[in-house]
Amino acid sequence: MSTKTQAKPLFAATLTPHRSLSPRGKLIVTGLVAALALVPGIVFYVAGAWPVVGFMGLDVLAIWAAMTWSLRGGKAYEVLTLWADSLELRKVDPAGAEETLTFVPTGVKFVVDRDFNERVTALWLKTGERKIALGAFLSPDEKLSLSKVFGTALRKARA
């Protein structure tokens, strides 16, 4: 927790990954895939190719596992708070483990990586030789928006 609760930060943002599928949606999609795999599965079973049914079941299991892994990754987030005299980045991974990093605004460099089409591909906080990724799970448009707003706030904190 931040100890700077008495003052208002210059910038504060909670960065979260976008997940378009809810847990209920995961069950619906898995059920539909299982139902669609059942029809050809019965045909193959009746035709005597019963091992194919097992492989179709593995396909359904693989889709369920991939969606479970994706939903679990959606629990990660980052909290970025900029004060006049410090910058605080709190990273929380999907398992809930937290890492809090604190910087001096004048000692940190905000780096924006772009591709050949000038789209933002990555955001970094750089101090000396250390580079910390910022909002790696954000879309390019979200990274662009964050880079503009946070870059402006960081320049104000340095002034």
# chains A, B, ... in the order shown; residues from 1 in each chain; ligands from 1
call {"tool": "residues_around", "arguments": {"residues": "range 111-118 of chain A", "least_positions_apart": "5", "cutoff": "12 Å", "atoms": "only C-alpha atoms", "output": "ChimeraX atom specification"}}
result
/A:123-127,130-136,140-141,143-148,150-151,154
call {"tool": "closest_residue", "arguments": {"among": "A:Ala122, A:Ala84, A:Leu138, A:Val52", "to": "Ala157 in chain A", "atoms": "only C-alpha atoms"}}
result
A:Ala84
call {"tool": "closest_residue", "arguments": {"among": "A:Ile63, A:Pro17, A:Ala7, A:Tyr45", "to": "Val33 in chain A", "atoms": "only C-alpha atoms"}}
result
A:Ile63
call {"tool": "residues_around", "arguments": {"residues": "Gly41 in chain A", "least_positions_apart": "2", "cutoff": "12 Å", "atoms": "only C-alpha atoms", "output": "ChimeraX atom specification"}}
result
/A:33-39,43-60
call {"tool": "residues_around", "arguments": {"residues": "Ala159 in chain A", "least_positions_apart": "5", "cutoff": "12 Å", "atoms": "only C-alpha atoms", "output": "list in words"}}
result
Ala84, Asp85, Pro105, Thr106, Thr152, Ala153 and Leu154 of chain A
call {"tool": "atom_distance", "arguments": {"atom1": "CA of Ser20 in chain A", "atom2": "CA of Ala76 in chain A"}}
result
15.0 Å
call {"tool": "select_by_dssp", "arguments": {"residues": "chain A", "states": "alpha helix (DSSP H)", "output": "ChimeraX atom specification"}}
result
/A:23-46,51-73,140-158
call {"tool": "atom_distance", "arguments": {"atom1": "CA of Thr14 in chain A", "atom2": "CA of Val79 in chain A"}}
result
4.4 Å
call {"tool": "closest_residue", "arguments": {"among": "A:Gly25, A:Lys75, A:Arg119, A:Leu80", "to": "Ala97 in chain A", "atoms": "only C-alpha atoms"}}
result
A:Lys75
call {"tool": "closest_residue", "arguments": {"among": "A:Pro40, A:Leu71, A:Lys26, A:Val104", "to": "Trp83 in chain A", "atoms": "only C-alpha atoms"}}
result
A:Val104
call {"tool": "closest_residue", "arguments": {"among": "A:Val149, A:Leu15, A:Leu21, A:Leu32", "to": "Ser70 in chain A", "atoms": "only C-alpha atoms"}}
result
A:Leu21
